[in-house]
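This report concerns only the one structure given below.
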Amino acid sequence: MTRSEDLFPFLALCARAQPHPAQQERLRRRALDLPSWDGLPVHAEAHGMEPLLYAHLHAADIPIPAHVERQLRTRTVQHAHANRVRTRALAEILDGFQSAGIQVLVLKGAALAHLIYPHPGLRVMRDIDLLVSRADARRAQAVLAQMGYACLL
C-alpha cells in the first residue's frame, strides 16, 4: 500500500474544480511514479475528493487499474446520488424558509457545489450548512422540525 504522504501530492493535483492542461501533465507524470494505486481511493475519500479525482484522471487520459477504477466510479455515483438528494432537501428547506420570511445563507459544500464546480456531483457533501440570524434561529428550527428535519447545533 502506498503511504499517505506519497499520495497527498497526487491528490493535491486534483484539487482544482476544473482541470488545467499543465496540471494534467503533472498528474500524468505523478501517476507513472505511483508505487501502488491501492490506497488512493481510501485517501481520496478521507479528503472528500473521490469524484474530483476520478474526473481529473479521466480528463488527463490516465489509465486506472481496474479495481481502483471500479472503486472510484462506484463512490462517484454514490456521491452524485447523495448530492442530488441533499440538493432537493436544500431546495425544500429554502422554500420553507422563504415562506416563513426567514433569510438564510447557504454555506460550504452546498454552496460551493453549485457555484464553483462544473457539476455539483464533483463536490462531496456530507451535510447542509445554513446560517440564519440569531433573531430567526428559533423560527428556523421550528420550520425545519415541521418539515421533519433535525437540527445539529
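Just remember, in the C-alpha cells the first chain shown is A, the second B, etc., residues are 1-based per chain, and ligands are 1-based in the order shown.
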
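Near His79 of chain A, within a cut-off of 7 Å and counting only C-alpha atoms, sit the residues Arg75, Asn83, Gly121 and Val124 of chain A, with same-chain residues fewer than 4 positions away left out.
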
Fewer than 2 positions away in the same chain doesn't count, so skip those; otherwise give me all residues within 9 Å of segment 84-86 of chain A, counting only C-alpha atoms, as a tab-separated table (two decimals) with C-alpha atoms, in the first residue's frame.
```tsv
chain	number	residue	atom	x	y	z
A	79	HIS	CA	-21.77	10.82	-4.01
A	80	ALA	CA	-23.66	12.14	-7.05
A	81	HIS	CA	-26.85	10.47	-5.80
A	82	ALA	CA	-26.34	11.79	-2.26
A	88	ARG	CA	-33.64	18.51	-3.25
A	89	ALA	CA	-33.72	18.79	0.56
A	90	LEU	CA	-31.97	22.16	0.37
A	91	ALA	CA	-34.50	23.46	-2.16
A	110	ALA	CA	-23.88	23.03	-0.55
A	120	PRO	CA	-22.40	19.56	-8.25
A	121	GLY	CA	-21.54	15.86	-8.12
A	125	MET	CA	-21.34	16.96	0.57
A	126	ARG	CA	-21.94	15.17	3.82
A	127	ASP	CA	-24.38	17.69	5.29
A	128	ILE	CA	-26.08	21.01	4.60
```

Checklist entry - Which polymer residues have any atom within 6 Å of an atom of segment 42-56 of chain A, counting only C-alpha atoms, with same-chain residues fewer than 4 positions away left out, as a PyMOL selection string? => result chain A and resi 14+76+122+124

At most 12 Å is the cut-off: for each residue in segment 55-118 of chain A with any atom that close to an atom of segment 130-135 of chain A, write down the nearest atom pair and the distance in Å rounded to one decimal, counting only C-alpha atoms, chain first then increasing number, as JSON lines.
```
{"residue": "A:Leu90", "atom": "CA", "partner": "A:Leu130", "partner_atom": "CA", "distance": 9.4}
{"residue": "A:Ile93", "atom": "CA", "partner": "A:Leu130", "partner_atom": "CA", "distance": 9.8}
{"residue": "A:Leu94", "atom": "CA", "partner": "A:Leu130", "partner_atom": "CA", "distance": 9.7}
{"residue": "A:Phe97", "atom": "CA", "partner": "A:Val132", "partner_atom": "CA", "distance": 9.8}
{"residue": "A:Gln98", "atom": "CA", "partner": "A:Val132", "partner_atom": "CA", "distance": 11.8}
{"residue": "A:Gly101", "atom": "CA", "partner": "A:Val132", "partner_atom": "CA", "distance": 11.2}
{"residue": "A:Ile102", "atom": "CA", "partner": "A:Val132", "partner_atom": "CA", "distance": 7.5}
{"residue": "A:Gln103", "atom": "CA", "partner": "A:Val132", "partner_atom": "CA", "distance": 6.3}
{"residue": "A:Val104", "atom": "CA", "partner": "A:Val132", "partner_atom": "CA", "distance": 4.9}
{"residue": "A:Leu105", "atom": "CA", "partner": "A:Leu131", "partner_atom": "CA", "distance": 5.1}
{"residue": "A:Val106", "atom": "CA", "partner": "A:Leu130", "partner_atom": "CA", "distance": 4.8}
{"residue": "A:Leu107", "atom": "CA", "partner": "A:Leu130", "partner_atom": "CA", "distance": 5.7}
{"residue": "A:Lys108", "atom": "CA", "partner": "A:Leu130", "partner_atom": "CA", "distance": 8.7}
{"residue": "A:Gly109", "atom": "CA", "partner": "A:Leu130", "partner_atom": "CA", "distance": 10.5}
{"residue": "A:Ala110", "atom": "CA", "partner": "A:Leu130", "partner_atom": "CA", "distance": 8.9}
{"residue": "A:Ala111", "atom": "CA", "partner": "A:Leu130", "partner_atom": "CA", "distance": 9.6}
```

Requested write-out: N, CA and C atoms of the selected residues, as a PDB file, in the first residue's frame:
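Saved the output as out.pdb:
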```pdb
ATOM      1  N   LEU A  90     -32.321  20.747   0.236  1.00  0.00           N
ATOM      2  CA  LEU A  90     -31.969  22.157   0.365  1.00  0.00           C
ATOM      3  C   LEU A  90     -33.031  23.044  -0.289  1.00  0.00           C
ATOM      4  N   ILE A  93     -36.025  23.159   1.959  1.00  0.00           N
ATOM      5  CA  ILE A  93     -35.766  23.977   3.146  1.00  0.00           C
ATOM      6  C   ILE A  93     -35.783  25.457   2.782  1.00  0.00           C
ATOM      7  N   LEU A  94     -35.130  25.818   1.686  1.00  0.00           N
ATOM      8  CA  LEU A  94     -35.106  27.223   1.279  1.00  0.00           C
ATOM      9  C   LEU A  94     -36.509  27.730   0.967  1.00  0.00           C
ATOM     10  N   PHE A  97     -38.176  28.281   4.337  1.00  0.00           N
ATOM     11  CA  PHE A  97     -37.680  29.495   4.978  1.00  0.00           C
ATOM     12  C   PHE A  97     -38.218  30.736   4.275  1.00  0.00           C
ATOM     13  N   GLN A  98     -38.271  30.707   2.974  1.00  0.00           N
ATOM     14  CA  GLN A  98     -38.791  31.860   2.235  1.00  0.00           C
ATOM     15  C   GLN A  98     -40.258  32.103   2.593  1.00  0.00           C
ATOM     16  N   GLY A 101     -40.498  33.809   5.762  1.00  0.00           N
ATOM     17  CA  GLY A 101     -39.831  35.109   5.829  1.00  0.00           C
ATOM     18  C   GLY A 101     -38.484  35.073   6.531  1.00  0.00           C
ATOM     19  N   ILE A 102     -37.822  33.932   6.484  1.00  0.00           N
ATOM     20  CA  ILE A 102     -36.520  33.765   7.145  1.00  0.00           C
ATOM     21  C   ILE A 102     -35.412  33.891   6.102  1.00  0.00           C
ATOM     22  N   GLN A 103     -34.508  34.839   6.325  1.00  0.00           N
ATOM     23  CA  GLN A 103     -33.362  34.967   5.429  1.00  0.00           C
ATOM     24  C   GLN A 103     -32.308  33.942   5.829  1.00  0.00           C
ATOM     25  N   VAL A 104     -31.667  33.360   4.836  1.00  0.00           N
ATOM     26  CA  VAL A 104     -30.710  32.289   5.086  1.00  0.00           C
ATOM     27  C   VAL A 104     -29.549  32.385   4.106  1.00  0.00           C
ATOM     28  N   LEU A 105     -28.379  32.006   4.567  1.00  0.00           N
ATOM     29  CA  LEU A 105     -27.210  31.864   3.704  1.00  0.00           C
ATOM     30  C   LEU A 105     -26.856  30.386   3.635  1.00  0.00           C
ATOM     31  N   VAL A 106     -26.608  29.891   2.430  1.00  0.00           N
ATOM     32  CA  VAL A 106     -26.144  28.525   2.236  1.00  0.00           C
ATOM     33  C   VAL A 106     -24.620  28.577   2.269  1.00  0.00           C
ATOM     34  N   LEU A 107     -24.019  27.734   3.098  1.00  0.00           N
ATOM     35  CA  LEU A 107     -22.576  27.768   3.317  1.00  0.00           C
ATOM     36  C   LEU A 107     -21.893  26.493   2.834  1.00  0.00           C
ATOM     37  N   LYS A 108     -20.577  26.588   2.717  1.00  0.00           N
ATOM     38  CA  LYS A 108     -19.682  25.463   2.483  1.00  0.00           C
ATOM     39  C   LYS A 108     -20.075  24.610   1.275  1.00  0.00           C
ATOM     40  N   GLY A 109     -20.086  23.294   1.451  1.00  0.00           N
ATOM     41  CA  GLY A 109     -20.252  22.378   0.334  1.00  0.00           C
ATOM     42  C   GLY A 109     -21.508  22.597  -0.486  1.00  0.00           C
ATOM     43  N   ALA A 110     -22.624  22.854   0.172  1.00  0.00           N
ATOM     44  CA  ALA A 110     -23.885  23.030  -0.551  1.00  0.00           C
ATOM     45  C   ALA A 110     -23.833  24.253  -1.469  1.00  0.00           C
ATOM     46  N   ALA A 111     -23.143  25.293  -1.035  1.00  0.00           N
ATOM     47  CA  ALA A 111     -22.994  26.477  -1.886  1.00  0.00           C
ATOM     48  C   ALA A 111     -21.918  26.243  -2.948  1.00  0.00           C
TER      49      ALA A 111
END
```

Item to check | Those in segment 3-152 of chain A with alpha helix (DSSP H) from DSSP, as JSON, numbers by chain | outcome: {"A": [4, 5, 6, 7, 8, 9, 10, 11, 12, 21, 22, 23, 24, 25, 26, 27, 28, 29, 30, 31, 32, 33, 40, 41, 42, 43, 44, 45, 46, 50, 51, 52, 53, 54, 55, 56, 57, 58, 59, 66, 67, 68, 69, 70, 71, 72, 73, 74, 75, 76, 77, 78, 79, 80, 81, 82, 83, 84, 85, 86, 87, 88, 89, 90, 91, 92, 93, 94, 95, 96, 97, 98, 99, 108, 109, 110, 111, 112, 113, 114, 115, 137, 138, 139, 140, 141, 142, 143, 144, 145, 146, 147]}

Checklist entry - Out of chain A, which residues get strand (DSSP E) from DSSP, as a ChimeraX atom specification? => result /A:104-107,129-132

File dump, residues just selected, C-alpha atoms, as a tab-separated table (two decimals), in the first residue's frame:
```
chain	number	residue	atom	x	y	z
A	104	VAL	CA	-30.71	32.29	5.09
A	105	LEU	CA	-27.21	31.86	3.70
A	106	VAL	CA	-26.14	28.53	2.24
A	107	LEU	CA	-22.58	27.77	3.32
A	129	ASP	CA	-24.78	24.08	6.41
A	130	LEU	CA	-27.14	27.04	6.73
A	131	LEU	CA	-26.75	30.36	8.51
A	132	VAL	CA	-29.71	32.33	9.84
```

Item to check | Test item: residues at most 9 Å from Ala150 of chain A, only C-alpha atoms, excluding those fewer than 5 positions along its chain, as a ChimeraX atom specification | outcome: /A:141,144-145

Next on the checklist: Need to verify the contact set: segment 58-67 of chain A, 12 Å, only C-alpha atoms, exclusion of same-chain residues closer than 4 positions in sequence. Can you return it as a PyMOL selection string?
Outcome noted: chain A and resi 13-14+18-32+34+36-41+51-54+71-74
